[in-house]
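Shown below: work_35.cif, with mmCIF, C-alpha atoms (C1' of nucleotides).
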data_input
loop_
_atom_site.label_atom_id
_atom_site.label_comp_id
_atom_site.auth_asym_id
_atom_site.auth_seq_id
_atom_site.Cartn_x
_atom_site.Cartn_y
_atom_site.Cartn_z
CA MET A 96 12.32 -6.45 -9.69
CA ARG A 97 10.74 -9.76 -9.01
CA ARG A 98 7.21 -9.39 -7.73
CA ASP A 99 6.00 -11.14 -4.61
CA SER A 100 3.08 -13.49 -5.25
CA ARG A 101 2.88 -15.09 -1.84
CA LEU A 102 -0.38 -13.34 -0.93
CA SER A 103 -1.95 -14.56 -4.14
CA GLY A 104 -0.67 -18.09 -3.60
CA VAL A 105 -1.70 -18.26 0.03
CA LEU A 106 -5.20 -17.04 -0.73
CA HIS A 107 -5.51 -19.70 -3.36
CA ILE A 108 -4.72 -22.55 -1.02
CA LEU A 109 -6.68 -21.03 1.87
CA LEU A 110 -9.79 -21.05 -0.30
CA HIS A 111 -9.22 -24.68 -1.14
CA MET A 112 -8.79 -25.41 2.56
CA ALA A 113 -11.94 -23.49 3.42
CA ARG A 114 -13.92 -25.73 1.11
CA GLN A 115 -13.11 -29.00 2.82
CA SER A 116 -12.94 -30.13 6.41
CA GLU A 117 -10.13 -32.72 6.31
CA PRO A 118 -6.60 -31.42 6.76
CA LEU A 119 -4.53 -30.88 3.61
CA THR A 120 -0.87 -31.81 3.69
CA SER A 121 1.94 -29.46 2.72
CA GLU A 122 2.63 -31.77 -0.18
CA ALA A 123 -0.90 -31.49 -1.57
CA LEU A 124 -0.84 -27.71 -1.15
CA ALA A 125 2.56 -27.54 -2.80
CA ARG A 126 1.11 -29.21 -5.89
CA ALA A 127 -1.64 -26.59 -6.03
CA MET A 128 0.91 -23.80 -5.75
CA ALA A 129 3.36 -25.50 -8.09
CA THR A 130 6.10 -25.31 -5.52
CA ASN A 131 7.85 -27.21 -2.78
CA PRO A 132 6.28 -28.52 0.49
CA VAL A 133 8.95 -26.74 2.51
CA VAL A 134 8.11 -23.45 0.87
CA VAL A 135 4.48 -24.02 1.83
CA ARG A 136 5.36 -24.69 5.47
CA ARG A 137 7.59 -21.66 5.57
CA THR A 138 4.92 -19.42 4.09
CA MET A 139 2.14 -20.85 6.26
CA ALA A 140 4.21 -20.53 9.43
CA GLY A 141 3.16 -16.89 9.81
CA LEU A 142 -0.51 -17.76 9.41
CA ARG A 143 -0.18 -20.48 12.01
CA ASP A 144 1.55 -18.15 14.47
CA THR A 145 -1.23 -15.58 14.13
CA GLY A 146 -3.94 -18.20 14.59
CA LEU A 147 -5.42 -18.14 11.11
CA VAL A 148 -4.67 -21.78 10.41
CA HIS A 149 -3.83 -24.86 12.40
CA SER A 150 -1.33 -27.58 11.60
CA GLU A 151 -1.25 -31.14 12.83
CA LYS A 152 1.54 -33.70 12.66
CA GLY A 153 1.38 -37.40 12.00
CA HIS A 154 -1.15 -39.64 10.28
CA GLY A 155 -4.13 -37.67 9.03
CA GLY A 156 -2.27 -34.47 9.82
CA GLY A 157 -1.95 -31.35 7.70
CA TRP A 158 -3.39 -27.86 7.52
CA THR A 159 -6.87 -26.60 8.40
CA ILE A 160 -8.45 -23.17 8.70
CA ALA A 161 -8.69 -22.13 12.34
CA ARG A 162 -11.09 -19.21 12.12
CA ASP A 163 -14.38 -18.45 10.42
CA PRO A 164 -13.54 -17.38 6.83
CA ALA A 165 -16.02 -14.52 7.23
CA ARG A 166 -13.70 -13.17 9.92
CA ILE A 167 -10.46 -13.44 7.94
CA THR A 168 -9.65 -10.42 5.77
CA LEU A 169 -6.94 -10.13 3.17
CA HIS A 170 -5.33 -7.64 5.51
CA ASP A 171 -5.08 -10.29 8.24
CA ILE A 172 -3.22 -12.51 5.81
CA TYR A 173 -1.01 -9.65 4.69
CA LEU A 174 -0.02 -9.08 8.32
CA ALA A 175 0.55 -12.79 8.90
CA LEU A 176 2.92 -12.85 5.94
CA GLY A 177 5.02 -10.25 7.75
CA LYS A 178 3.83 -7.09 5.97
CA PRO A 179 5.66 -7.65 2.72
CA ASP A 180 6.56 -4.58 0.66
CA VAL A 181 3.52 -3.15 -1.12
CA LEU A 182 5.32 -0.78 -3.48
CA ALA A 183 8.21 -1.57 -5.77
CA MET A 184 9.49 1.99 -5.54
CA SER A 185 10.82 3.96 -2.62
CA ASN A 186 12.82 7.01 -1.75
CA ARG A 187 16.52 6.68 -2.30
CA ASN A 188 17.44 8.00 1.09
CA ASP A 189 15.23 8.24 4.15
CA ALA A 190 16.97 11.12 5.91
CA PRO A 191 18.91 13.12 3.34
CA GLY A 192 20.90 16.15 4.31
CA CYS A 193 20.28 17.70 0.91
CA LEU A 194 17.23 20.00 0.91
CA VAL A 195 16.60 19.19 -2.72
CA GLU A 196 16.26 15.55 -1.89
CA GLN A 197 14.06 16.39 1.07
CA ALA A 198 11.65 18.15 -1.26
CA VAL A 199 11.62 15.12 -3.56
CA ASN A 200 11.11 12.73 -0.67
CA GLU A 201 8.17 14.67 0.68
CA ALA A 202 6.33 14.69 -2.64
CA LEU A 203 7.06 11.08 -3.52
CA GLY A 204 6.61 9.85 0.03
CA SER A 205 3.10 11.20 0.40
CA ALA A 206 2.08 9.74 -2.96
CA PHE A 207 3.56 6.38 -1.98
CA ALA A 208 1.80 6.47 1.37
CA GLU A 209 -1.57 7.22 -0.22
CA ALA A 210 -1.32 4.37 -2.69
CA GLU A 211 -0.21 1.93 -0.04
CA ALA A 212 -2.99 3.02 2.32
CA LEU A 213 -5.56 2.55 -0.43
CA LEU A 214 -4.40 -0.98 -1.14
CA LEU A 215 -4.37 -1.98 2.52
CA ARG A 216 -7.83 -0.46 2.97
CA ARG A 217 -9.09 -2.64 0.09
CA PHE A 218 -7.44 -5.63 1.71
CA SER A 219 -9.27 -5.03 4.96
CA GLU A 220 -12.60 -4.86 3.11
CA VAL A 221 -12.37 -8.32 1.58
CA THR A 222 -12.89 -11.54 3.52
CA LEU A 223 -12.06 -15.11 2.62
CA ALA A 224 -15.77 -15.86 2.74
CA GLN A 225 -16.45 -13.24 0.06
CA LEU A 226 -13.84 -14.80 -2.20
CA SER A 227 -15.42 -18.18 -1.62
CA GLU A 228 -18.79 -16.79 -2.69
CA SER A 229 -17.17 -15.33 -5.76
CA PHE A 230 -15.92 -18.80 -6.55
CA ASP A 231 -19.41 -20.23 -6.03
CA ARG A 232 -20.79 -17.90 -8.67
CA ARG A 233 -18.10 -18.94 -11.14
CA PHE A 234 -18.71 -22.57 -10.32
CA ALA A 235 -22.46 -22.23 -10.89
CA LYS A 236 -21.78 -20.76 -14.32
CA ARG A 237 -19.39 -23.36 -15.60
CA GLY A 238 -19.45 -26.20 -13.13
CA ALA A 239 -16.92 -28.97 -13.43
CA ASP A 240 -14.73 -31.10 -11.24
CA PHE A 241 -12.86 -28.77 -8.94
CA ALA A 242 -11.40 -31.15 -6.42
CA LEU A 243 -8.01 -29.79 -5.42
CA GLU A 244 -6.14 -32.85 -6.55
CA THR A 245 -7.90 -33.06 -9.87
CA ILE A 246 -7.76 -29.49 -11.07
CA HIS A 247 -4.11 -29.06 -10.23
CA ALA A 248 -2.91 -32.40 -11.53
CA GLU A 249 -0.38 -31.96 -14.28
CA MET B 543 12.49 -7.60 -2.84
CA ARG B 544 14.81 -4.75 -3.59
CA ARG B 545 12.96 -1.50 -4.08
CA ASP B 546 13.57 0.67 -7.11
CA SER B 547 14.76 4.16 -6.20
CA ARG B 548 15.61 5.37 -9.69
CA LEU B 549 12.66 7.77 -9.83
CA SER B 550 13.71 9.30 -6.54
CA GLY B 551 17.32 9.54 -7.65
CA VAL B 552 16.51 11.00 -11.05
CA LEU B 553 14.22 13.65 -9.56
CA HIS B 554 16.97 14.64 -7.22
CA ILE B 555 19.49 15.30 -9.94
CA LEU B 556 16.91 16.86 -12.28
CA LEU B 557 16.14 19.44 -9.62
CA HIS B 558 19.80 20.23 -9.26
CA MET B 559 20.02 20.56 -13.05
CA ALA B 560 16.98 22.80 -13.14
CA ARG B 561 18.65 25.21 -10.77
CA GLN B 562 21.69 25.95 -12.88
CA SER B 563 22.20 26.69 -16.54
CA GLU B 564 25.61 25.10 -17.19
CA PRO B 565 25.64 21.43 -18.12
CA LEU B 566 26.42 18.96 -15.34
CA THR B 567 28.62 15.96 -16.16
CA SER B 568 27.65 12.36 -15.46
CA GLU B 569 30.47 12.26 -12.98
CA ALA B 570 29.15 15.21 -10.98
CA LEU B 571 25.63 13.74 -11.03
CA ALA B 572 26.99 10.35 -9.98
CA ARG B 573 28.50 11.94 -6.89
CA ALA B 574 25.14 13.45 -5.99
CA MET B 575 23.46 10.07 -6.41
CA ALA B 576 26.30 8.21 -4.73
CA THR B 577 26.67 5.96 -7.72
CA ASN B 578 28.63 5.44 -10.91
CA PRO B 579 28.74 7.74 -13.98
CA VAL B 580 27.78 4.88 -16.26
CA VAL B 581 24.72 4.14 -14.16
CA VAL B 582 23.74 7.79 -14.51
CA ARG B 583 24.09 7.71 -18.29
CA ARG B 584 22.12 4.49 -18.46
CA THR B 585 19.33 5.89 -16.31
CA MET B 586 19.27 9.25 -18.10
CA ALA B 587 19.22 7.63 -21.54
CA GLY B 588 15.45 7.21 -21.34
CA LEU B 589 14.96 10.85 -20.39
CA ARG B 590 17.15 11.95 -23.28
CA ASP B 591 15.25 9.76 -25.75
CA THR B 592 11.93 11.27 -24.68
CA GLY B 593 13.28 14.81 -24.91
CA LEU B 594 13.23 15.72 -21.24
CA VAL B 595 16.95 16.35 -21.06
CA HIS B 596 19.76 17.06 -23.47
CA SER B 597 23.31 15.75 -23.39
CA GLU B 598 26.38 17.25 -24.98
CA LYS B 599 29.78 15.68 -25.55
CA GLY B 600 33.23 17.17 -25.23
CA HIS B 601 34.60 20.11 -23.30
CA GLY B 602 31.93 21.92 -21.34
CA GLY B 603 29.52 19.09 -22.14
CA GLY B 604 27.15 17.28 -19.86
CA TRP B 605 23.45 17.22 -19.07
CA THR B 606 20.88 20.00 -19.21
CA ILE B 607 17.11 20.14 -18.86
CA ALA B 608 15.48 20.39 -22.28
CA ARG B 609 11.95 21.43 -21.35
CA ASP B 610 10.32 23.95 -19.03
CA PRO B 611 10.23 22.32 -15.57
CA ALA B 612 6.64 23.51 -15.24
CA ARG B 613 5.82 21.19 -18.12
CA ILE B 614 7.57 18.08 -16.78
CA THR B 615 5.47 15.91 -14.48
CA LEU B 616 6.63 13.00 -12.38
CA HIS B 617 4.56 10.86 -14.69
CA ASP B 618 6.63 12.00 -17.68
CA ILE B 619 9.74 10.87 -15.86
CA TYR B 620 8.12 7.59 -14.84
CA LEU B 621 7.37 6.91 -18.51
CA ALA B 622 10.89 7.91 -19.56
CA LEU B 623 12.29 5.40 -17.08
CA GLY B 624 10.41 2.66 -18.93
CA LYS B 625 7.35 2.33 -16.67
CA PRO B 626 9.07 0.48 -13.84
CA ASP B 627 6.92 -1.77 -11.66
CA VAL B 628 4.80 0.22 -9.25
CA LEU B 629 3.70 -2.61 -6.98
CA ALA B 630 5.85 -5.20 -5.29
CA MET B 631 3.01 -7.74 -5.31
CA SER B 632 1.20 -9.41 -8.14
CA ASN B 633 -1.00 -12.35 -8.94
CA ARG B 634 0.79 -15.65 -9.04
CA ASN B 635 -0.68 -16.65 -12.35
CA ASP B 636 -2.22 -14.40 -14.96
CA ALA B 637 -4.51 -16.90 -16.62
CA PRO B 638 -5.20 -19.74 -14.19
CA GLY B 639 -7.41 -22.65 -15.11
CA CYS B 640 -8.48 -23.05 -11.50
CA LEU B 641 -11.70 -21.15 -10.74
CA VAL B 642 -10.56 -20.64 -7.16
CA GLU B 643 -7.50 -18.83 -8.35
CA GLN B 644 -9.59 -16.83 -10.81
CA ALA B 645 -11.69 -15.55 -7.92
CA VAL B 646 -8.54 -14.60 -6.03
CA ASN B 647 -7.04 -12.88 -9.05
CA GLU B 648 -10.11 -10.80 -9.67
CA ALA B 649 -10.23 -9.48 -6.11
CA LEU B 650 -6.52 -8.84 -5.80
CA GLY B 651 -6.18 -7.57 -9.35
CA SER B 652 -8.76 -4.84 -8.99
CA ALA B 653 -7.21 -3.69 -5.71
CA PHE B 654 -3.78 -3.65 -7.30
CA ALA B 655 -5.05 -1.70 -10.29
CA GLU B 656 -6.72 0.92 -8.10
CA ALA B 657 -3.60 1.52 -6.04
CA GLU B 658 -1.41 1.75 -9.11
CA ALA B 659 -3.80 4.14 -10.83
CA LEU B 660 -3.90 6.37 -7.77
CA LEU B 661 -0.12 6.61 -7.62
CA LEU B 662 0.22 7.39 -11.32
CA ARG B 663 -2.51 10.01 -11.02
CA ARG B 664 -0.55 11.67 -8.23
CA PHE B 665 2.56 11.54 -10.39
CA SER B 666 0.81 13.37 -13.19
CA GLU B 667 -0.29 16.11 -10.81
CA VAL B 668 3.22 17.07 -9.69
CA THR B 669 5.66 19.04 -11.83
CA LEU B 670 9.38 19.57 -11.47
CA ALA B 671 8.67 23.28 -11.01
CA GLN B 672 6.47 22.54 -8.00
CA LEU B 673 9.23 20.50 -6.41
CA SER B 674 11.64 23.32 -7.07
CA GLU B 675 9.31 25.73 -5.28
CA SER B 676 9.08 23.33 -2.40
CA PHE B 677 12.84 23.44 -2.22
CA ASP B 678 12.77 27.25 -2.28
CA ARG B 679 10.57 27.28 0.79
CA ARG B 680 12.92 24.95 2.64
CA PHE B 681 15.88 27.02 1.55
CA ALA B 682 14.28 30.24 2.78
CA LYS B 683 13.77 28.65 6.17
CA ARG B 684 17.23 27.31 6.74
CA GLY B 685 19.41 28.77 4.04
CA ALA B 686 22.91 27.46 3.62
CA ASP B 687 25.33 26.55 0.88
CA PHE B 688 23.49 24.23 -1.46
CA ALA B 689 25.84 24.09 -4.39
CA LEU B 690 25.63 20.58 -5.82
CA GLU B 691 29.30 19.89 -5.35
CA THR B 692 29.41 21.19 -1.81
CA ILE B 693 26.38 19.59 -0.28
CA HIS B 694 27.16 16.15 -1.68
CA ALA B 695 30.85 16.16 -0.94
CA GLU B 696 31.84 13.38 1.39
"C1'" DT C 340 45.60 16.52 -32.10
"C1'" DC C 341 44.92 16.14 -27.29
"C1'" DT C 342 41.56 16.09 -23.84
"C1'" DC C 343 37.03 15.77 -22.20
"C1'" DA C 344 32.56 13.90 -22.16
"C1'" DT C 345 28.88 10.92 -23.65
"C1'" DG C 346 27.17 6.10 -25.71
"C1'" DT C 347 27.06 1.51 -25.10
"C1'" DA C 348 28.33 -3.30 -25.01
"C1'" DA C 349 29.95 -6.78 -22.06
"C1'" DC C 350 31.14 -8.54 -17.82
"C1'" DT C 351 31.19 -8.82 -12.59
"C1'" DT C 352 29.22 -8.20 -8.25
"C1'" DT C 353 25.62 -8.09 -4.99
"C1'" DA C 354 21.25 -8.98 -2.96
"C1'" DC C 355 17.63 -11.76 -2.12
"C1'" DA C 356 13.63 -14.67 -2.89
"C1'" DT C 357 12.81 -19.23 -3.96
"C1'" DG C 358 13.98 -24.02 -4.32
"C1'" DG C 359 15.68 -27.95 -2.15
"C1'" DT C 360 18.06 -31.24 1.38
"C1'" DA C 361 18.53 -33.09 5.77
"C1'" DC C 362 17.12 -34.17 9.95
"C1'" DA C 363 14.67 -33.43 14.45
"C1'" DT C 364 10.08 -33.62 16.57
"C1'" DG C 365 5.78 -35.33 17.40
"C1'" DA C 366 1.31 -37.95 16.34
"C1'" DT C 367 -0.99 -42.09 14.78
"C1'" DG C 368 -1.83 -46.81 14.24
"C1'" DA C 369 -0.57 -51.66 14.00
"C1'" DT D 394 7.12 -50.58 21.04
"C1'" DC D 395 8.01 -49.44 16.44
"C1'" DA D 396 7.19 -48.09 11.73
"C1'" DT D 397 5.15 -44.46 9.28
"C1'" DC D 398 3.52 -40.04 8.30
"C1'" DA D 399 3.56 -35.19 8.73
"C1'" DT D 400 5.21 -30.77 10.36
"C1'" DG D 401 9.36 -27.52 12.00
"C1'" DT D 402 13.37 -25.59 10.77
"C1'" DA D 403 18.24 -24.97 9.97
"C1'" DC D 404 21.16 -24.83 6.22
"C1'" DC D 405 22.69 -24.72 1.55
"C1'" DA D 406 21.94 -24.18 -3.65
"C1'" DT D 407 20.12 -21.70 -7.42
"C1'" DG D 408 18.03 -18.31 -10.37
"C1'" DT D 409 17.59 -13.62 -11.44
"C1'" DA D 410 17.53 -8.68 -11.72
"C1'" DA D 411 19.63 -4.37 -10.48
"C1'" DA D 412 23.76 -2.07 -9.77
"C1'" DG D 413 28.52 -1.58 -10.39
"C1'" DT D 414 32.57 -1.78 -13.43
"C1'" DT D 415 35.62 -1.97 -17.38
"C1'" DA D 416 36.65 -0.98 -21.93
"C1'" DC D 417 36.44 1.32 -25.87
"C1'" DA D 418 34.10 3.90 -29.71
"C1'" DT D 419 32.30 8.49 -30.93
"C1'" DG D 420 32.16 13.24 -31.15
"C1'" DA D 421 33.07 18.13 -29.48
"C1'" DG D 422 35.96 21.73 -28.06
"C1'" DA D 423 40.50 24.06 -27.12
#
Please express the file's structure as structure tokens.
Amino acid sequence: MRRDSRLSGVLHILLHMARQSEPLTSEALARAMATNPVVVRRTMAGLRDTGLVHSEKGHGGGWTIARDPARITLHDIYLALGKPDVLAMSNRNDAPGCLVEQAVNEALGSAFAEAEALLLRRFSEVTLAQLSESFDRRFAKRGADFALETIHAE
Amino acid sequence: MRRDSRLSGVLHILLHMARQSEPLTSEALARAMATNPVVVRRTMAGLRDTGLVHSEKGHGGGWTIARDPARITLHDIYLALGKPDVLAMSNRNDAPGCLVEQAVNEALGSAFAEAEALLLRRFSEVTLAQLSESFDRRFAKRGADFALETIHAE
DNA sequence: TCTCATGTAACTTTACATGGTACATGATGA
DNA sequence: TCATCATGTACCATGTAAAGTTACATGAGA
């Protein structure tokens, strides 16, 4: 099963966006995510629709953060991405007629639900601003040139 | 992302196996899982190699449980299946040079690890015997004909 | 020795996320 | 006004992993 890394990728570019005021184009963001500008637009569309980011066309256009990073949690971003699957496993059959399978589903289902709830709770406890501060600490330790274009250049 | 339901499927047929002493053929198990006999053998191969089940060739052959169900946990089965992915999400890059992405990875990674650990802990707390008892309670409530062949017939 | 059943390699099919192309829309600036 | 830049999005191509399938070897009864 291929694992979904959109949340990770989106967080990465959101943090870069949070650290500068000028809009960043899909093309620049695509370089940072090592992907295609269209994939960036497609992924960011959900964040735009839920008001987390803003996009502007034309000269000087691109993407900017539309809300205070201290008021954006990982859970907000998870929702904006369309609630992607959290777990790679699931029950085989949601409404089995077989009582044996019902017993299996109940046990597995409650374990799955607990793990998923834990992860989403963690997501709601972390803000973009906290991640940015975490970056600041790393930067203070081993400062260097971390301009988006420079660090992600090939 | 397609979700893995092998654990669910395997538990289902293990419970059926635990409730009768004669060996069950791959073909009979495949009917219960609505799949193919070869898929069953492939999936069960890991359980056989770790000693959870036994297989016998020839007339009267098939699959039987090789250990006391009270001593088989869901975690044992998870291991026998080759530790399939638990989470559908992951970090985009395991060892990024970008400090921004490192900050993201740390936050997401610890949340992922907690959720995965919780699920595996739950797995190790549940035995096949407990699931079988759960079935017994359901059966007592609305008893019917639960022979493997009957209940899964089309 | 015939039949039944597993063991397994190899191939095909299916599902789906991602990658990529094309073009419409709209904003900016000369 | 017109050329340019950037997003919006429909549509198609591609890569990949799980599941399904076929084929045949192996071994165990009857």
Q.
Residues near stretch 553-566 of chain B, anyone? I mean within 8 Å using all atoms listed in the file, not counting same-chain ones fewer than 2 positions away, as a PyMOL selection string.
A. (chain A and resi 195-196+199) or (chain B and resi 549-551+568+570-571+574-575+602-607+611+670+673-674+690)
Q: Do me a favour and pick out the residues of chain B within 7 Å of chain C, using only C-alpha atoms (C1' of nucleotides), as a count of residues only.
A: 7
Which residues of chain D come within 8 Å of chain B, and what is each one's closest atom pair and distance in Å (one decimal), counting only C-alpha atoms (C1' of nucleotides), sorted by chain and residue number, as JSON lines?
{"residue": "D:DA412", "atom": "C1'", "partner": "B:Val581", "partner_atom": "CA", "distance": 7.7}
{"residue": "D:DG413", "atom": "C1'", "partner": "B:Asn578", "partner_atom": "CA", "distance": 7.0}
{"residue": "D:DG420", "atom": "C1'", "partner": "B:Lys599", "partner_atom": "CA", "distance": 6.6}
{"residue": "D:DA421", "atom": "C1'", "partner": "B:Gly600", "partner_atom": "CA", "distance": 4.4}
{"residue": "D:DG422", "atom": "C1'", "partner": "B:His601", "partner_atom": "CA", "distance": 5.2}
Q.
One number please: atom CA of A:Ala198 to atom CA of B:His596, in Å, one decimal.
A.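 Spanning atom CA of A:Ala198 to atom CA of B:His596 is a straight-line distance of 23.7 Å.
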Q | d(atom CA of B:Leu662, atom CA of A:Arg187) in Å | A |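 The value is 18.6 Å.
Among the candidates A:Leu147, A:Met139, A:Met184, A:Cys193, the residue lying nearest to A:Leu169 is A:Leu147 (atoms considered: all atoms listed in the file).
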(Q) Considering all atoms listed in the file, can you say which of B:Arg613, B:Arg573, B:Arg663, B:Arg584 comes closest to chain A? (A)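 Selected residue with least distance to chain A: B:Arg663.
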